[in-house]
>>> print(open('input21.cif').read())   # mmCIF, C-alpha atoms and all ligand atoms
data_protein
loop_
_atom_site.label_atom_id
_atom_site.label_comp_id
_atom_site.auth_asym_id
_atom_site.auth_seq_id
_atom_site.Cartn_x
_atom_site.Cartn_y
_atom_site.Cartn_z
CA MET A 1 -19.01 7.52 10.45
CA GLN A 2 -20.71 4.44 11.87
CA LEU A 3 -21.06 1.19 9.95
CA LYS A 4 -22.37 -2.23 10.88
CA ILE A 5 -20.66 -4.88 8.75
CA THR A 6 -21.66 -8.53 8.63
CA ILE A 7 -18.72 -10.81 7.84
CA VAL A 8 -19.52 -14.09 6.13
CA ALA A 9 -16.10 -15.58 5.45
CA GLY A 10 -17.52 -18.92 4.24
CA ASP A 11 -15.45 -21.81 2.92
CA GLY A 12 -11.97 -22.71 1.70
CA ILE A 13 -9.68 -19.67 1.49
CA GLY A 14 -12.63 -17.39 2.39
CA PRO A 15 -11.70 -17.00 6.09
CA GLU A 16 -7.98 -16.38 5.50
CA VAL A 17 -8.41 -13.69 2.85
CA THR A 18 -11.34 -12.06 4.67
CA ARG A 19 -9.25 -11.78 7.85
CA GLU A 20 -6.72 -9.62 6.00
CA ALA A 21 -9.49 -7.45 4.52
CA VAL A 22 -11.06 -6.92 7.96
CA THR A 23 -7.68 -5.93 9.43
CA ILE A 24 -7.43 -3.20 6.80
CA LEU A 25 -10.98 -2.00 7.50
CA LYS A 26 -10.23 -1.83 11.23
CA ALA A 27 -7.08 0.18 10.60
CA VAL A 28 -8.92 2.63 8.33
CA ALA A 29 -11.65 3.04 10.95
CA GLU A 30 -9.13 3.70 13.68
CA MET A 31 -7.16 6.23 11.64
CA GLY A 32 -10.25 8.24 10.75
CA GLY A 33 -12.05 7.89 14.08
CA HIS A 34 -14.85 5.86 12.49
CA SER A 35 -16.80 3.19 14.27
CA PHE A 36 -17.05 -0.05 12.30
CA GLU A 37 -18.88 -2.86 14.07
CA PHE A 38 -18.20 -6.41 12.81
CA ASN A 39 -20.54 -9.36 13.20
CA GLU A 40 -19.29 -12.77 12.02
CA GLN A 41 -21.81 -15.27 10.63
CA LEU A 42 -21.75 -18.60 8.81
CA ILE A 43 -22.55 -19.20 5.14
CA GLY A 44 -21.99 -21.99 2.61
CA GLY A 45 -20.42 -25.35 3.44
CA VAL A 46 -19.46 -24.39 7.01
CA ALA A 47 -23.10 -23.41 7.63
CA ILE A 48 -24.35 -26.69 6.14
CA LYS A 49 -22.06 -28.57 8.53
CA ALA A 50 -23.09 -26.55 11.58
CA HIS A 51 -26.79 -25.98 10.88
CA GLY A 52 -27.78 -28.16 7.91
CA THR A 53 -28.45 -25.16 5.67
CA PRO A 54 -26.14 -22.92 3.58
CA LEU A 55 -27.88 -19.73 4.76
CA PRO A 56 -28.98 -20.01 8.41
CA SER A 57 -31.64 -17.52 9.51
CA ALA A 58 -29.21 -15.95 12.02
CA THR A 59 -26.91 -15.08 9.09
CA LEU A 60 -29.70 -13.64 6.99
CA ASP A 61 -31.11 -11.62 9.91
CA ALA A 62 -27.69 -10.19 10.75
CA ALA A 63 -27.02 -9.38 7.09
CA LEU A 64 -30.34 -7.58 6.68
CA ALA A 65 -29.76 -5.60 9.87
CA SER A 66 -26.33 -4.36 8.74
CA ASP A 67 -25.08 -1.58 6.46
CA ALA A 68 -22.83 -3.84 4.40
CA VAL A 69 -21.98 -7.51 4.04
CA LEU A 70 -18.44 -8.73 3.32
CA LEU A 71 -18.23 -12.28 1.99
CA GLY A 72 -15.16 -14.49 1.46
CA ALA A 73 -16.09 -17.47 -0.70
CA VAL A 74 -18.45 -20.44 -0.71
CA GLY A 75 -18.17 -23.99 -2.01
CA GLY A 76 -16.06 -27.07 -1.44
CA ASN A 77 -15.28 -30.30 -3.20
CA GLU A 78 -16.95 -32.58 -0.68
CA LEU A 79 -20.37 -30.97 -1.26
CA ASN A 80 -20.28 -31.05 -5.05
CA SER A 81 -22.63 -34.02 -5.34
CA LEU A 82 -25.52 -32.21 -3.65
CA PRO A 83 -28.38 -30.92 -5.85
CA PRO A 84 -28.03 -27.18 -6.72
CA SER A 85 -30.65 -26.11 -4.17
CA GLN A 86 -28.70 -27.65 -1.25
CA ARG A 87 -25.17 -26.71 -2.23
CA PRO A 88 -23.12 -23.99 -0.51
CA GLU A 89 -23.64 -21.79 -3.61
CA ALA A 90 -27.41 -21.81 -2.97
CA GLY A 91 -26.75 -19.91 0.27
CA LEU A 92 -24.91 -17.19 -1.63
CA LEU A 93 -27.59 -16.95 -4.32
CA GLN A 94 -30.31 -16.68 -1.66
CA LEU A 95 -28.31 -14.04 0.21
CA ARG A 96 -27.89 -12.03 -3.01
CA GLN A 97 -31.63 -12.25 -3.61
CA GLU A 98 -32.59 -11.25 -0.06
CA LEU A 99 -30.20 -8.29 0.04
CA GLY A 100 -31.61 -7.15 -3.30
CA GLY A 101 -28.51 -5.73 -4.97
CA PHE A 102 -28.87 -6.21 -8.72
CA ALA A 103 -25.77 -4.42 -10.05
CA ASN A 104 -22.56 -6.33 -9.41
CA LEU A 105 -19.56 -4.07 -10.06
CA ARG A 106 -16.46 -6.00 -11.11
CA PRO A 107 -13.48 -3.82 -12.00
CA SER A 108 -10.71 -5.39 -14.04
CA ILE A 109 -7.54 -3.35 -14.14
CA ALA A 110 -4.16 -4.02 -15.76
CA TYR A 111 -1.63 -3.30 -13.00
CA SER A 112 1.64 -2.34 -14.63
CA ALA A 113 3.59 -4.20 -11.92
CA LEU A 114 1.80 -7.39 -13.00
CA SER A 115 2.10 -6.90 -16.75
CA ASN A 116 4.34 -9.98 -17.01
CA ASN A 117 1.74 -12.15 -15.29
CA SER A 118 -0.72 -11.97 -18.12
CA PRO A 119 -0.38 -14.34 -21.06
CA LEU A 120 -1.41 -11.25 -23.05
CA ARG A 121 1.45 -9.00 -24.12
CA ALA A 122 1.99 -5.90 -21.97
CA GLU A 123 1.40 -3.65 -24.99
CA VAL A 124 -2.10 -5.18 -25.28
CA THR A 125 -3.14 -4.90 -21.63
CA GLU A 126 -1.31 -1.69 -20.70
CA GLY A 127 -3.74 0.92 -19.39
CA ALA A 128 -6.80 -1.36 -19.53
CA ASP A 129 -9.40 -0.34 -16.96
CA ILE A 130 -12.73 -2.10 -17.34
CA LEU A 131 -15.76 -2.01 -15.09
CA PHE A 132 -18.23 -4.85 -15.51
CA VAL A 133 -21.73 -4.10 -14.26
CA ARG A 134 -23.04 -7.65 -14.12
CA GLU A 135 -26.81 -8.08 -13.65
CA LEU A 136 -26.98 -10.27 -10.56
CA LEU A 137 -30.57 -11.13 -9.69
CA SER A 138 -32.19 -12.52 -12.81
CA GLY A 139 -31.38 -14.36 -16.04
CA LEU A 140 -30.51 -18.04 -16.15
CA TYR A 141 -29.51 -18.12 -12.48
CA PHE A 142 -32.98 -17.40 -11.15
CA GLY A 143 -35.38 -17.98 -14.09
CA GLN A 144 -38.24 -20.44 -13.55
CA PRO A 145 -39.01 -23.16 -14.45
CA ARG A 146 -35.85 -25.09 -13.70
CA SER A 147 -35.53 -28.83 -13.33
CA TRP A 148 -33.57 -31.99 -14.02
CA ASN A 149 -35.76 -35.01 -14.67
CA LYS A 150 -33.50 -38.02 -14.31
CA ASP A 151 -36.17 -40.40 -15.63
CA THR A 152 -36.68 -38.60 -18.91
CA GLY A 153 -33.11 -37.32 -19.14
CA VAL A 154 -34.30 -33.75 -19.67
CA ALA A 155 -33.01 -30.72 -17.77
CA LEU A 156 -34.25 -27.17 -18.04
CA ASN A 157 -33.20 -23.65 -17.04
CA THR A 158 -34.87 -20.45 -18.13
CA MET A 159 -33.20 -17.25 -19.25
CA TYR A 160 -35.70 -14.67 -18.08
CA TYR A 161 -35.63 -10.86 -17.97
CA THR A 162 -38.18 -8.14 -17.52
CA ARG A 163 -37.80 -4.70 -19.04
CA GLU A 164 -37.67 -3.25 -15.52
CA GLU A 165 -34.75 -5.50 -14.58
CA VAL A 166 -32.79 -4.37 -17.62
CA LEU A 167 -33.69 -0.68 -17.15
CA ARG A 168 -32.37 -0.55 -13.60
CA VAL A 169 -29.05 -2.26 -14.25
CA ALA A 170 -28.49 -0.29 -17.46
CA ARG A 171 -29.04 2.98 -15.55
CA VAL A 172 -26.35 1.99 -13.04
CA ALA A 173 -23.99 1.25 -15.94
CA PHE A 174 -24.65 4.62 -17.63
CA ASP A 175 -24.39 6.55 -14.34
CA LEU A 176 -21.00 4.97 -13.67
CA ALA A 177 -19.84 5.51 -17.26
CA ARG A 178 -20.58 9.23 -16.81
CA LYS A 179 -17.98 9.35 -14.04
CA ARG A 180 -15.45 7.46 -16.19
CA ARG A 181 -14.68 7.49 -19.92
CA LYS A 182 -18.34 7.75 -20.97
CA LYS A 183 -18.69 4.52 -22.90
CA VAL A 184 -21.01 1.56 -22.30
CA THR A 185 -20.69 -1.80 -24.03
CA SER A 186 -23.90 -3.80 -23.75
CA VAL A 187 -23.41 -7.55 -24.11
CA ASP A 188 -26.06 -9.87 -25.51
CA LYS A 189 -26.80 -12.66 -27.96
CA ALA A 190 -29.52 -10.77 -29.80
CA ASN A 191 -28.87 -12.67 -33.04
CA VAL A 192 -30.33 -15.79 -31.37
CA LEU A 193 -32.18 -15.06 -28.11
CA GLU A 194 -35.41 -13.12 -27.57
CA VAL A 195 -34.25 -12.31 -24.04
CA SER A 196 -31.25 -10.60 -25.60
CA GLN A 197 -33.47 -8.67 -28.01
CA LEU A 198 -35.38 -7.30 -25.03
CA TRP A 199 -32.03 -6.55 -23.35
CA ARG A 200 -30.71 -4.62 -26.36
CA ALA A 201 -33.94 -2.68 -26.98
CA THR A 202 -34.11 -1.67 -23.32
CA VAL A 203 -30.47 -0.58 -23.13
CA ILE A 204 -31.05 1.56 -26.25
CA GLU A 205 -34.02 3.15 -24.46
CA VAL A 206 -31.85 4.00 -21.44
CA ALA A 207 -29.09 5.37 -23.68
CA SER A 208 -31.43 8.13 -24.85
CA GLU A 209 -31.37 9.48 -21.26
CA TYR A 210 -27.57 9.74 -21.50
CA PRO A 211 -26.71 11.55 -24.75
CA ASP A 212 -23.19 12.24 -23.43
CA VAL A 213 -22.41 8.50 -23.12
CA THR A 214 -21.50 6.35 -26.15
CA LEU A 215 -23.29 3.01 -26.39
CA GLU A 216 -22.01 0.03 -28.32
CA HIS A 217 -23.43 -3.51 -28.55
CA GLN A 218 -21.41 -6.70 -28.71
CA TYR A 219 -22.52 -10.29 -28.99
CA VAL A 220 -21.16 -12.20 -26.02
CA ASP A 221 -18.95 -14.50 -28.11
CA ALA A 222 -17.35 -11.57 -29.94
CA CYS A 223 -17.04 -9.68 -26.66
CA ALA A 224 -15.00 -12.53 -25.15
CA MET A 225 -12.56 -12.18 -28.04
CA HIS A 226 -12.42 -8.37 -28.09
CA LEU A 227 -11.71 -8.34 -24.34
CA MET A 228 -8.54 -10.30 -25.00
CA ASN A 229 -7.58 -8.49 -28.24
CA THR A 230 -8.36 -4.89 -27.37
CA PRO A 231 -9.04 -4.58 -23.63
CA ARG A 232 -8.35 -0.83 -23.69
CA ASN A 233 -11.40 -0.26 -25.90
CA PHE A 234 -13.71 -1.09 -23.00
CA ASP A 235 -14.92 1.22 -20.27
CA VAL A 236 -18.19 0.02 -18.67
CA VAL A 237 -19.52 -3.38 -19.79
CA VAL A 238 -23.08 -4.42 -18.93
CA PRO A 239 -23.93 -8.13 -19.40
CA GLU A 240 -26.76 -10.34 -18.15
CA ASN A 241 -26.02 -12.57 -15.16
CA LEU A 242 -24.38 -15.67 -16.72
CA PHE A 243 -22.59 -13.73 -19.47
CA GLY A 244 -21.19 -11.46 -16.74
CA ASP A 245 -20.07 -14.42 -14.66
CA ILE A 246 -18.12 -15.83 -17.58
CA LEU A 247 -16.69 -12.59 -18.99
CA SER A 248 -15.50 -11.31 -15.61
CA ASP A 249 -13.47 -14.47 -15.01
CA ALA A 250 -12.07 -14.18 -18.53
CA ALA A 251 -11.09 -10.57 -17.80
CA ALA A 252 -8.95 -11.80 -14.90
CA VAL A 253 -6.42 -12.62 -17.62
CA ILE A 254 -5.98 -8.87 -18.14
CA THR A 255 -5.08 -8.37 -14.48
CA GLY A 256 -2.96 -11.49 -14.28
CA SER A 257 -4.80 -13.46 -11.60
CA LEU A 258 -8.35 -14.15 -10.48
CA GLY A 259 -7.05 -13.59 -6.95
CA MET A 260 -6.80 -9.85 -7.68
CA LEU A 261 -10.42 -9.16 -8.59
CA PRO A 262 -12.86 -7.46 -6.21
CA SER A 263 -16.60 -6.95 -6.51
CA GLY A 264 -19.39 -5.01 -4.89
CA THR A 265 -23.12 -5.36 -5.42
CA ILE A 266 -25.26 -2.25 -5.12
CA GLY A 267 -28.84 -1.15 -5.67
CA GLY A 268 -30.60 -3.23 -3.01
CA LYS A 269 -31.38 -2.98 0.69
CA VAL A 270 -27.83 -3.86 1.79
CA ASN A 271 -24.71 -3.83 -0.39
CA LEU A 272 -22.82 -7.11 -0.67
CA TYR A 273 -19.05 -7.22 -1.20
CA GLU A 274 -17.27 -10.37 -2.39
CA PRO A 275 -14.04 -11.08 -4.23
CA VAL A 276 -14.60 -12.69 -7.64
CA HIS A 277 -12.41 -15.71 -6.88
CA GLY A 278 -13.88 -18.86 -5.37
CA SER A 279 -13.07 -20.93 -2.28
CA ALA A 280 -10.00 -22.68 -3.82
CA PRO A 281 -10.20 -25.63 -1.38
CA ASP A 282 -6.96 -27.09 -2.79
CA ILE A 283 -4.86 -24.25 -1.32
CA ALA A 284 -6.96 -23.43 1.77
CA GLY A 285 -4.80 -23.17 4.90
CA THR A 286 -1.50 -23.24 3.00
CA GLY A 287 -0.82 -19.48 3.10
CA LYS A 288 -0.86 -19.39 -0.71
CA ALA A 289 -4.15 -17.53 -1.13
CA ASN A 290 -3.95 -14.01 -2.53
CA PRO A 291 -5.76 -11.62 -0.14
CA LEU A 292 -5.60 -8.66 -2.56
CA GLY A 293 -8.98 -9.47 -4.15
CA ALA A 294 -10.56 -9.39 -0.68
CA ILE A 295 -8.63 -6.25 0.33
CA LEU A 296 -9.66 -4.44 -2.87
CA THR A 297 -13.22 -5.60 -2.11
CA ALA A 298 -12.91 -3.89 1.28
CA ALA A 299 -11.87 -0.74 -0.62
CA MET A 300 -15.09 -0.98 -2.63
CA LEU A 301 -17.00 -1.23 0.65
CA LEU A 302 -15.29 1.95 1.87
CA ARG A 303 -16.25 3.70 -1.36
CA HIS A 304 -19.82 2.50 -1.89
CA SER A 305 -21.12 1.88 1.65
CA ALA A 306 -19.02 4.13 3.90
CA GLY A 307 -18.69 7.02 1.44
CA LEU A 308 -14.96 7.13 2.27
CA GLU A 309 -13.54 7.74 -1.20
CA GLN A 310 -10.13 8.98 -0.02
CA GLU A 311 -9.69 5.94 2.20
CA ALA A 312 -10.78 3.61 -0.63
CA LEU A 313 -8.17 5.23 -2.86
CA ALA A 314 -5.55 4.91 -0.12
CA VAL A 315 -6.16 1.14 0.10
CA GLU A 316 -6.04 0.80 -3.70
CA ASN A 317 -2.82 2.83 -3.86
CA ALA A 318 -1.36 0.75 -1.05
CA VAL A 319 -2.00 -2.43 -3.07
CA ASN A 320 -0.37 -0.82 -6.07
CA ASN A 321 2.68 0.22 -4.03
CA VAL A 322 3.13 -3.24 -2.52
CA LEU A 323 3.00 -4.79 -6.00
CA SER A 324 5.45 -2.22 -7.37
CA GLN A 325 7.87 -3.11 -4.58
CA GLY A 326 7.83 -6.69 -5.92
CA HIS A 327 5.86 -8.48 -3.22
CA ARG A 328 3.87 -11.41 -4.62
CA THR A 329 1.66 -14.22 -3.44
CA VAL A 330 2.35 -17.38 -5.44
CA ASP A 331 -0.48 -16.86 -7.93
CA ILE A 332 1.13 -13.62 -9.12
CA ALA A 333 4.78 -14.63 -8.75
CA ARG A 334 6.56 -15.17 -12.07
CA SER A 335 9.80 -16.81 -11.11
CA GLY A 336 10.45 -17.71 -14.73
CA ALA A 337 10.11 -14.20 -16.12
CA ALA A 338 13.34 -12.73 -17.41
CA GLY A 339 14.72 -10.00 -15.20
CA GLN A 340 11.93 -10.40 -12.68
CA ALA A 341 12.93 -13.30 -10.51
CA SER A 342 15.43 -11.39 -8.40
CA LYS A 343 13.12 -8.47 -7.78
CA GLN A 344 10.21 -10.59 -6.59
CA ASN A 345 9.55 -11.45 -3.00
CA VAL A 346 7.10 -14.32 -2.59
CA VAL A 347 4.97 -13.90 0.53
CA THR A 348 2.13 -15.67 2.33
CA THR A 349 -1.47 -14.50 2.62
CA GLN A 350 -0.80 -13.00 6.03
CA GLU A 351 2.45 -11.34 5.05
CA MET A 352 0.76 -9.74 2.06
CA GLY A 353 -1.97 -8.43 4.36
CA LYS A 354 0.66 -6.91 6.67
CA LEU A 355 2.51 -5.29 3.76
CA VAL A 356 -0.69 -3.63 2.54
CA LEU A 357 -1.48 -2.51 6.07
CA SER A 358 1.85 -0.75 6.47
CA ALA A 359 1.49 0.79 3.01
CA VAL A 360 -1.93 2.16 4.05
CA ASN A 361 -0.39 3.53 7.25
CA GLU A 362 2.42 5.14 5.28
CA ILE A 363 0.01 6.81 2.84
CA SER A 364 -2.11 8.10 5.69
CA ASN A 365 0.89 9.41 7.65
CA ARG A 366 2.15 11.19 4.57
CA LYS A 367 -1.25 12.87 4.17
CA HIS A 368 -1.29 14.01 7.76
CA THR A 369 2.21 15.43 7.45
CA LEU A 370 1.19 17.32 4.32
CA HIS A 371 -1.91 18.70 6.03
CA ALA A 372 0.13 19.82 9.02
CA VAL A 373 2.50 21.85 6.84
C1 LIG A 401 -19.17 -15.60 -8.81
C2 LIG A 401 -19.30 -17.07 -8.51
C3 LIG A 401 -20.75 -17.36 -8.14
C4 LIG A 401 -21.61 -17.02 -9.34
C5 LIG A 401 -21.01 -18.80 -7.65
C6 LIG A 401 -20.13 -19.16 -6.49
C7 LIG A 401 -22.45 -19.03 -7.32
O1 LIG A 401 -18.85 -17.83 -9.57
O2 LIG A 401 -19.47 -14.79 -7.92
O3 LIG A 401 -18.76 -15.25 -9.92
O4 LIG A 401 -21.74 -17.85 -10.26
O5 LIG A 401 -22.17 -15.92 -9.37
MN MN A 402 -17.99 -16.64 -11.21
#
>>> encode(input="input21.cif", output="structure tokens")
Amino acid sequence: MQLKITIVAGDGIGPEVTREAVTILKAVAEMGGHSFEFNEQLIGGVAIKAHGTPLPSATLDAALASDAVLLGAVGGNELNSLPPSQRPEAGLLQLRQELGGFANLRPSIAYSALSNNSPLRAEVTEGADILFVRELLSGLYFGQPRSWNKDTGVALNTMYYTREEVLRVARVAFDLARKRRKKVTSVDKANVLEVSQLWRATVIEVASEYPDVTLEHQYVDACAMHLMNTPRNFDVVVPENLFGDILSDAAAVITGSLGMLPSGTIGGKVNLYEPVHGSAPDIAGTGKANPLGAILTAAMLLRHSAGLEQEALAVENAVNNVLSQGHRTVDIARSGAAGQASKQNVVTTQEMGKLVLSAVNEISNRKHTLHAV
């Protein structure tokens, strides 16, 4: 299998976590005799500094010419005073738009090894396995008009959706639910917003194509609460863009750390893979960043762009094994937890990457031995 991958590591901890993810991808390629070609490009604050724009044309051209794009993170404190259209984040939003992926898959899983990391009790989170399908190309993020008039003191954003935009993301949600526990929770604010009424009516329309899948509706405020109270009741959750942004961060509480969450965006010309966490400029370069979100993002790339399901599973199992052995980056270390302190081994970003790499190697060797028997 041949794959051209554009790497846009971006700002803050982006480069250090992406490096570990790329190492894993290279190892998987080598083991299976696949040819993965990597092309590194600039995005975000580093691109603004080098080229005066958060998405240089060389980056966009490379991304559009590749089979998949792997992104680290964008954003940094020193650029926070810029207007939205010139900030590092604008580069990411433009890249998302140009690549065309509208369905952003954000799994949120309760790892049993991390059950003590969540402020939620283990009996609440145990077994939770949620897949957010966040609409990524419309809604408040992209709706026009938008403005901030400093003279009048009035600012405006528009929550906008077309029926087509809801149909296509809802179909992705139902298709994925079919391969899982066959339940879709559609999130809206249909008691207040017309956009949400369109959203709900359209999701109901799509549901009639999937009689084997159960559909439920939740208002976004109630959904935020139910996610914390009864996370196991969710399977696939489909929210509009901003609701999905907020709920997927909230769901990090179920996993125990935002640093664990991967994402992959499908449905467009080129799939875009990015961990959910941000650039965390305060810990950049300190070795404290958790690379598991980026590594699990690489697993999603293997699954959705390379079609290498077994390899994706091997990476996910490797992460699980490393966690079960007690290895922790600081964000997931719980030195205070009773009975845990002694079993935990706090490691750096790079060390965590190496541990996952050897766990992947071990899983693959075991498979080969089994096949040889
Ligand atoms: C995310 C991030 C982005 C978003 C930012 C960096 C533009 O928070 O991927 O969740 O809001 O979509
Ligand atoms: Mn976010």
>>> closest_residue(input="input21.cif", among="A:Ala113, A:Ala65, A:Ala250, A:Val17", to="Ala333 of chain A", atoms="all atoms listed in the file")
A:Ala113
>>> closest_residue(input="input21.cif", among="A:Arg232, A:Lys269, A:Arg303, A:Lys189", to="Ala110 of chain A", atoms="all atoms listed in the file")
A:Arg232
>>> residues_around(input="input21.cif", residues="Glu123 of chain A", least_positions_apart="2", cutoff="12 Å", atoms="all atoms listed in the file", output="count of residues only")
18
>>> closest_residue(input="input21.cif", among="A:Asn317, A:Ser196, A:Thr152, A:Ser248", to="Ala224 of chain A", atoms="only C-alpha atoms")
A:Ser248
>>> residues_around(input="input21.cif", residues="Val319 of chain A", least_positions_apart="6", cutoff="9 Å", atoms="only C-alpha atoms", output="list in words")
Leu292, Ile295, Leu296, Leu355, Val356, Ala359 and Val360 of chain A
>>> write_last_selection(input="input21.cif", atoms="C-alpha atoms", output="mmCIF file, in the coordinates of the input")
data_model
loop_
_atom_site.group_PDB
_atom_site.id
_atom_site.type_symbol
_atom_site.label_atom_id
_atom_site.label_comp_id
_atom_site.auth_asym_id
_atom_site.auth_seq_id
_atom_site.Cartn_x
_atom_site.Cartn_y
_atom_site.Cartn_z
ATOM 1 C CA LEU A 292 -5.600 -8.660 -2.560
ATOM 2 C CA ILE A 295 -8.630 -6.250 0.330
ATOM 3 C CA LEU A 296 -9.660 -4.440 -2.870
ATOM 4 C CA LEU A 355 2.510 -5.290 3.760
ATOM 5 C CA VAL A 356 -0.690 -3.630 2.540
ATOM 6 C CA ALA A 359 1.490 0.790 3.010
ATOM 7 C CA VAL A 360 -1.930 2.160 4.050
#
>>> residues_near_ligand(input="input21.cif", ligand="ligand LIG 401 (chain A)", cutoff="6 Å", atoms="only C-alpha atoms and all ligand atoms", output="PyMOL selection string")
chain A and resi 89+245+276
>>> residues_near_ligand(input="input21.cif", ligand="ligand MN 402 (chain A)", cutoff="9 Å", atoms="only C-alpha atoms and all ligand atoms", output="number ranges by chain")
A: 242, 244-249, 276-278
>>> closest_residue(input="input21.cif", among="A:Ser66, A:Thr329, A:Thr18, A:Ser186", to="Phe234 of chain A", atoms="all atoms listed in the file")
A:Ser186
>>> residues_around(input="input21.cif", residues="segment 67-82 of chain A", least_positions_apart="6", cutoff="9 Å", atoms="all atoms listed in the file", output="PyMOL selection string")
chain A and resi 3-18+22+43-46+88-89+91-92+269-282+294+297-298+301+305-306
>>> atom_distance(input="input21.cif", atom1="atom CA of Ile266 of chain A", atom2="atom CA of Gly101 of chain A")
4.8 Å
>>> atom_distance(input="input21.cif", atom1="atom CA of Gln344 of chain A", atom2="atom CA of Ser257 of chain A")
16.1 Å
>>> residues_around(input="input21.cif", residues="Gln94 of chain A", least_positions_apart="5", cutoff="12 Å", atoms="all atoms listed in the file", output="ChimeraX atom specification")
/A:43-44,53-57,59-60,63,84-89,99-101,136-137,141-142
>>> write_last_selection(input="input21.cif", atoms="C-alpha atoms", output="PDB file, in the frame of the given file")
ATOM      1  CA  ILE A  43     -22.550 -19.200   5.140  1.00  0.00           C
ATOM      2  CA  GLY A  44     -21.990 -21.990   2.610  1.00  0.00           C
ATOM      3  CA  THR A  53     -28.450 -25.160   5.670  1.00  0.00           C
ATOM      4  CA  PRO A  54     -26.140 -22.920   3.580  1.00  0.00           C
ATOM      5  CA  LEU A  55     -27.880 -19.730   4.760  1.00  0.00           C
ATOM      6  CA  PRO A  56     -28.980 -20.010   8.410  1.00  0.00           C
ATOM      7  CA  SER A  57     -31.640 -17.520   9.510  1.00  0.00           C
ATOM      8  CA  THR A  59     -26.910 -15.080   9.090  1.00  0.00           C
ATOM      9  CA  LEU A  60     -29.700 -13.640   6.990  1.00  0.00           C
ATOM     10  CA  ALA A  63     -27.020  -9.380   7.090  1.00  0.00           C
ATOM     11  CA  PRO A  84     -28.030 -27.180  -6.720  1.00  0.00           C
ATOM     12  CA  SER A  85     -30.650 -26.110  -4.170  1.00  0.00           C
ATOM     13  CA  GLN A  86     -28.700 -27.650  -1.250  1.00  0.00           C
ATOM     14  CA  ARG A  87     -25.170 -26.710  -2.230  1.00  0.00           C
ATOM     15  CA  PRO A  88     -23.120 -23.990  -0.510  1.00  0.00           C
ATOM     16  CA  GLU A  89     -23.640 -21.790  -3.610  1.00  0.00           C
ATOM     17  CA  LEU A  99     -30.200  -8.290   0.040  1.00  0.00           C
ATOM     18  CA  GLY A 100     -31.610  -7.150  -3.300  1.00  0.00           C
ATOM     19  CA  GLY A 101     -28.510  -5.730  -4.970  1.00  0.00           C
ATOM     20  CA  LEU A 136     -26.980 -10.270 -10.560  1.00  0.00           C
ATOM     21  CA  LEU A 137     -30.570 -11.130  -9.690  1.00  0.00           C
ATOM     22  CA  TYR A 141     -29.510 -18.120 -12.480  1.00  0.00           C
ATOM     23  CA  PHE A 142     -32.980 -17.400 -11.150  1.00  0.00           C
TER      24      PHE A 142
END
>>> closest_residue(input="input21.cif", among="A:Ala21, A:Val236, A:Val166, A:Val213", to="Asp129 of chain A", atoms="all atoms listed in the file")
A:Val236
>>> atom_distance(input="input21.cif", atom1="atom CA of Gln350 of chain A", atom2="atom CA of Arg334 of chain A")
19.7 Å
>>> residues_around(input="input21.cif", residues="Arg328 of chain A", least_positions_apart="3", cutoff="9 Å", atoms="only C-alpha atoms", output="PDB file with C-alpha atoms, in the frame of the given file")
ATOM      1  CA  ASN A 290      -3.950 -14.010  -2.530  1.00  0.00           C
ATOM      2  CA  VAL A 322       3.130  -3.240  -2.520  1.00  0.00           C
ATOM      3  CA  LEU A 323       3.000  -4.790  -6.000  1.00  0.00           C
ATOM      4  CA  ASP A 331      -0.480 -16.860  -7.930  1.00  0.00           C
ATOM      5  CA  ILE A 332       1.130 -13.620  -9.120  1.00  0.00           C
ATOM      6  CA  ALA A 333       4.780 -14.630  -8.750  1.00  0.00           C
ATOM      7  CA  ARG A 334       6.560 -15.170 -12.070  1.00  0.00           C
ATOM      8  CA  GLN A 344      10.210 -10.590  -6.590  1.00  0.00           C
ATOM      9  CA  ASN A 345       9.550 -11.450  -3.000  1.00  0.00           C
ATOM     10  CA  VAL A 346       7.100 -14.320  -2.590  1.00  0.00           C
ATOM     11  CA  VAL A 347       4.970 -13.900   0.530  1.00  0.00           C
ATOM     12  CA  THR A 348       2.130 -15.670   2.330  1.00  0.00           C
ATOM     13  CA  MET A 352       0.760  -9.740   2.060  1.00  0.00           C
TER      14      MET A 352
END
>>> closest_residue(input="input21.cif", among="A:Ile363, A:Ala50, A:Ala173, A:Leu357", to="Gly267 of chain A", atoms="only C-alpha atoms")
A:Ala173
